[in-house]
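Visitor: Okay, here's the structure, questions in a sec.
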Amino acid sequence: MNTNFDFIQPVAGEQFEYSYKAEITNVYPLTPMEKLYQIQLVDPVERERFTFLPGQFIMLELPGIGEAPFSISSSPVRHGDIELCIRTVGNMTRFLDRMGRGTRVGISGPFGTHFPVEKMEGEDILLIAGGLGIAPLRSPILTVLEKRSRYGQVDIIYGARRPSELLFGYEYAMWRQFDVGLDIIVDQTEPGWQGPVGLITEILKQRIAGSDPDRFRERTSAIVCGPPIMFRFVCDLLIAAQLPVEKIFVSLERRMHCGRGKCCRCNIGSTYTCLDGPVFDYWSVLNLKEAI
Amino acid sequence: MLFKVFPAGELIRLFEILAADRIVGPVKKGEDQHGRSLYDFDVVHDFTELRLDYGQTIHSAKNWFLPYQEDLCTFTFEDGGSGDWHKEVDYGVYAPLVLFGLHPCDINALNKLDKVLLGGQYPNPFYGEKRANMFIVGHSCSPQPFCFCKSMGTDSAIRGFDLFLTRMDDLYFAEILSPRAFHLLEQIDCHDPDSREHHRYMEIMEAKESLYVAHVDTSDLTKILDLEFQASVWQEWGRRCFSCGTCAQVCPTCYCYGVAEQVDMDFTHARKEKMLYSCNLLDFASVAGGHNFRPESHTRLKYRYYHKHRGFVEAFEESLCVGCGRCGQACLAHITVPEVIASVRASKE
């Protein structure tokens, strides 16, 4: 057929488009808006081989509906048995909201950088989450708790709009059992709420004022995730407290269509949120225009 | 590099030999209101359709290696409402393709795309398989008034083609980069160039230099773009920009895309469709929940320049722009790259 040169047969592989087939094994409503989906890879070998690091994300595919990135909310110890905390907000998540146990979905990944909790051993850790920002932070929180003795002081500051929007409320007692300082603050109070009301920065200011200044300068790492507006205020406070910029880690959200550094939708300059992120240290963020 | 020379009349034989495979090259598509010819890359069915004298095509040749629309995979839903499905991936490459008559800018565009699409942890097989089955015949160009490839260092191609032809009076001077091209030339009447022909070739190259009119000063451009990130000139360009995405459509190196999934009418199949996108379109950086990271037109226009002229340079030490000038020609608001960059450099804030 071709007289000039041989046709190079495409490699029969699905590496680029490969997705693990997975099944929703449980769905827990956390609030009217968010649900926790437990998803298990169907193939037992794939399930065992699927490993990820805290802060990484997967692309969740609902055939015929869409594909979108979600950060993994569970501990890496559980391999291909992951939990995703998903807010019902777009077309795909609205569809997912109506799906229950047994739904077959596609998962590809894990992708991206992670929170380097292994490098933070021996140090104090400050985890700051705003709103749905707790979803990517639950994975490093659980990782740190599993190896609690290797870390110094661990503090979690979590802010939400209303008490009814707080996520993972059933786990706070468990977290506190691991000698974790957990502060929770809401913007607007609701009947029955006993805790503080205000902005997350107020709690952070109190924490900074109440602790030894050398602690921030010398032996603390911070992990921050929240809505875009929160990053700058929180990170500015941390920098003012002399926390080195390269020890502040943030997880950024962008639209992604491939997760593999090809579609450019998540680009900040030429930095791919999917490959170079989603976890960036604040030094990298300072070098990115319009990152936060 | 090996060089050969053959009489201009042999070109048709070269074409006929290659025509065993599908040939895509510059063809005349029509005329504009001033009677000037409009060219585009399309399938060439007959040698007489091939217009190697084209100045610049409206679109780049990218539709042939980065299609505007492409299916990434198809899903088949199992019967019986079990909710299970089966996924199939087809790269859509079934035959070789000959690209005939690419100018150096378009060849360099392919080299740049190779870096990003074939490099890294996840090489894109949809693109890679097309590239592997591609035979490229380049052709020298006559610089147009809007071409600024000289400034971008893409005015000559030193790799990324099989054969590169330069018209020399009644001869063709051929540069050969692949064994396939070498064997191809064995089938036509050609000879090694003598020193007179060497000199004639160099004369032609030298004469081309004076034809470049448009220029872009790229010295320290990455730093200047960082320093002028907040400059008001961006807002002025943003006011002119229609955010229509035409620049990305004609650009030989714009590769951004979006993915959408569709269920077939019979509800038994679905497919995942990739469509090339433009960072100038309103919803390019919007996320679920409604937040848009680049809501204003000037932020999107600026992003396009930052990706091409700053970000890509940081990643690969070369600009993603090849200076073909197509975006400026196609732009409804007459925004051209040399003007935008000159205005940013001249910004005094």
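Every chain in the structure tokens takes a letter, A first, then B, and so on in the order presented; its residues are numbered from 1, and the ligands are numbered from 1 following the presented order.
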Quick one: residues within 7 Å of range 154-160 of chain B, only C-alpha atoms, excluding same-chain residues fewer than 6 positions away - as a list in words?
Guide: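 Result of the neighbour search: Pro104, Cys105, Ile107, Asn108, Asn111 and Val322 of chain B.
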Visitor: Tell me which protein, DNA and RNA residues are within 10 Å of Met120 in chain A, counting only C-alpha atoms, leaving out same-chain ones fewer than 6 positions away, and put them as a list in words.
Guide: Val144, Arg150, Tyr151, Gly152, Arg219, Thr220, Ser221, Ala222 and Lys247 of chain A
Visitor: Given the selection you just returned, output its residues as a file containing C-alpha atoms, formatted as a PDB file, in the first residue's frame.
Guide:
```
ATOM      1  CA  VAL A 144       1.162  12.911  60.481  1.00  0.00           C
ATOM      2  CA  ARG A 150       8.067  11.670  64.894  1.00  0.00           C
ATOM      3  CA  TYR A 151       6.697  15.207  64.944  1.00  0.00           C
ATOM      4  CA  GLY A 152       6.843  17.996  67.470  1.00  0.00           C
ATOM      5  CA  ARG A 219      11.458  24.491  63.521  1.00  0.00           C
ATOM      6  CA  THR A 220       7.998  24.928  62.035  1.00  0.00           C
ATOM      7  CA  SER A 221       6.522  24.013  58.667  1.00  0.00           C
ATOM      8  CA  ALA A 222       3.095  25.173  57.571  1.00  0.00           C
ATOM      9  CA  LYS A 247       8.634  25.986  54.584  1.00  0.00           C
TER      10      LYS A 247
END
```
Visitor: Return as a count of residues only the residues belonging to chain A that are within 6 Å of chain B, counting only C-alpha atoms.
Guide: 15
Visitor: Would you mind writing down, as a PDB file with N, CA and C atoms, in the first residue's frame, each residue of range 219-290 of chain B that DSSP on the backbone assigns to strand (DSSP E)?
Guide:
```pdb
ATOM      1  N   TYR B 257      -6.017  22.556  25.190  1.00  0.00           N
ATOM      2  CA  TYR B 257      -7.280  21.950  24.794  1.00  0.00           C
ATOM      3  C   TYR B 257      -8.235  21.791  25.957  1.00  0.00           C
ATOM      4  N   GLY B 258      -9.442  21.465  25.616  1.00  0.00           N
ATOM      5  CA  GLY B 258     -10.455  21.158  26.617  1.00  0.00           C
ATOM      6  C   GLY B 258     -11.029  19.788  26.295  1.00  0.00           C
ATOM      7  N   VAL B 259     -11.607  19.150  27.286  1.00  0.00           N
ATOM      8  CA  VAL B 259     -12.162  17.819  27.100  1.00  0.00           C
ATOM      9  C   VAL B 259     -13.639  17.846  27.476  1.00  0.00           C
ATOM     10  N   ALA B 260     -14.446  17.212  26.660  1.00  0.00           N
ATOM     11  CA  ALA B 260     -15.872  17.107  26.988  1.00  0.00           C
ATOM     12  C   ALA B 260     -16.316  15.686  26.688  1.00  0.00           C
ATOM     13  N   GLU B 261     -17.231  15.185  27.474  1.00  0.00           N
ATOM     14  CA  GLU B 261     -17.719  13.827  27.230  1.00  0.00           C
ATOM     15  C   GLU B 261     -19.160  13.877  26.744  1.00  0.00           C
ATOM     16  N   GLN B 262     -19.446  12.980  25.837  1.00  0.00           N
ATOM     17  CA  GLN B 262     -20.787  12.970  25.259  1.00  0.00           C
ATOM     18  C   GLN B 262     -21.341  11.560  25.216  1.00  0.00           C
ATOM     19  N   VAL B 263     -22.615  11.432  25.523  1.00  0.00           N
ATOM     20  CA  VAL B 263     -23.275  10.135  25.427  1.00  0.00           C
ATOM     21  C   VAL B 263     -23.990  10.081  24.092  1.00  0.00           C
ATOM     22  N   HIS B 269     -23.240   3.994  24.151  1.00  0.00           N
ATOM     23  CA  HIS B 269     -21.862   4.420  23.976  1.00  0.00           C
ATOM     24  C   HIS B 269     -21.694   5.868  24.430  1.00  0.00           C
ATOM     25  N   ALA B 270     -20.454   6.194  24.806  1.00  0.00           N
ATOM     26  CA  ALA B 270     -20.111   7.585  25.094  1.00  0.00           C
ATOM     27  C   ALA B 270     -18.700   7.811  24.591  1.00  0.00           C
ATOM     28  N   ARG B 271     -18.351   9.067  24.372  1.00  0.00           N
ATOM     29  CA  ARG B 271     -16.969   9.312  23.958  1.00  0.00           C
ATOM     30  C   ARG B 271     -16.425  10.549  24.632  1.00  0.00           C
ATOM     31  N   LYS B 272     -15.123  10.522  24.765  1.00  0.00           N
ATOM     32  CA  LYS B 272     -14.421  11.660  25.362  1.00  0.00           C
ATOM     33  C   LYS B 272     -13.762  12.410  24.220  1.00  0.00           C
ATOM     34  N   GLU B 273     -14.133  13.662  24.084  1.00  0.00           N
ATOM     35  CA  GLU B 273     -13.718  14.426  22.923  1.00  0.00           C
ATOM     36  C   GLU B 273     -12.780  15.544  23.353  1.00  0.00           C
ATOM     37  N   LYS B 274     -11.683  15.653  22.631  1.00  0.00           N
ATOM     38  CA  LYS B 274     -10.721  16.723  22.898  1.00  0.00           C
ATOM     39  C   LYS B 274     -10.919  17.817  21.854  1.00  0.00           C
ATOM     40  N   MET B 275     -10.995  19.060  22.292  1.00  0.00           N
ATOM     41  CA  MET B 275     -11.117  20.176  21.360  1.00  0.00           C
ATOM     42  C   MET B 275     -10.038  21.186  21.700  1.00  0.00           C
ATOM     43  N   LEU B 276      -9.315  21.635  20.684  1.00  0.00           N
ATOM     44  CA  LEU B 276      -8.326  22.682  20.951  1.00  0.00           C
ATOM     45  C   LEU B 276      -9.056  23.900  21.497  1.00  0.00           C
TER      46      LEU B 276
END
```
Visitor: Rank nothing, just name the residue among B:Leu99, B:Cys327, B:Leu320, B:Leu227 nearest to Phe41 in chain B, using only C-alpha atoms.
Guide: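 Smallest distance to Phe41 in chain B is found for B:Leu99.
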Visitor: Write out as a PyMOL selection string which residues come within 12 Å of range 198-210 of chain B when counting only C-alpha atoms, dropping same-chain ones fewer than 4 positions away.
Guide: chain B and resi 3-5+140-145+147-151+155-156+165-175+192-194+214
Visitor: According to DSSP computed on the backbone, where in range 47-292 of chain A is there helix (DSSP H, G or I)? Give the residues as a PyMOL selection string.
Guide: chain A and resi 47-49+76-78+91-97+117-120+131-146+148-150+163-165+169-177+200-209+213-219+228-240+245-247+282-286
Visitor: For range 27-36 of chain A, please output as an MDAnalysis selection string all residues within 12 Å (counting only C-alpha atoms; exclusion window: fewer than 6 positions along the same chain).
Guide: (chainID A and resid 70:74 82:90 93:94 96:103 131:132 134:135 138 162:171) or (chainID B and resid 289)
Visitor: To one decimal in Å, tell me the separation between CA of Gly130 in chain A and CA of Gln177 in chain A.
Guide: 22.2 Å
Visitor: What is the distance, in Å and to one decimal place, between CA of Leu50 in chain B and CA of Leu113 in chain B?
Guide: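 Distance between the two atoms: 25.6 Å.
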Visitor: Just how far from CA of Pro136 in chain A is CA of Ile203 in chain A, in Å to one decimal?
Guide: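 Here the two named atoms are 20.8 Å from each other.
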Visitor: I'd like the neighbourhood of Phe57 in chain A as a PyMOL selection string, where a residue qualifies if any of its atoms comes within 12 Å (using only C-alpha atoms), though same-chain residues fewer than 2 positions away should be ignored.
Guide: chain A and resi 51-55+59-60+68-74+76+82-85+107-115+135-137+139+251-254+256+259-260+273-275+277-279
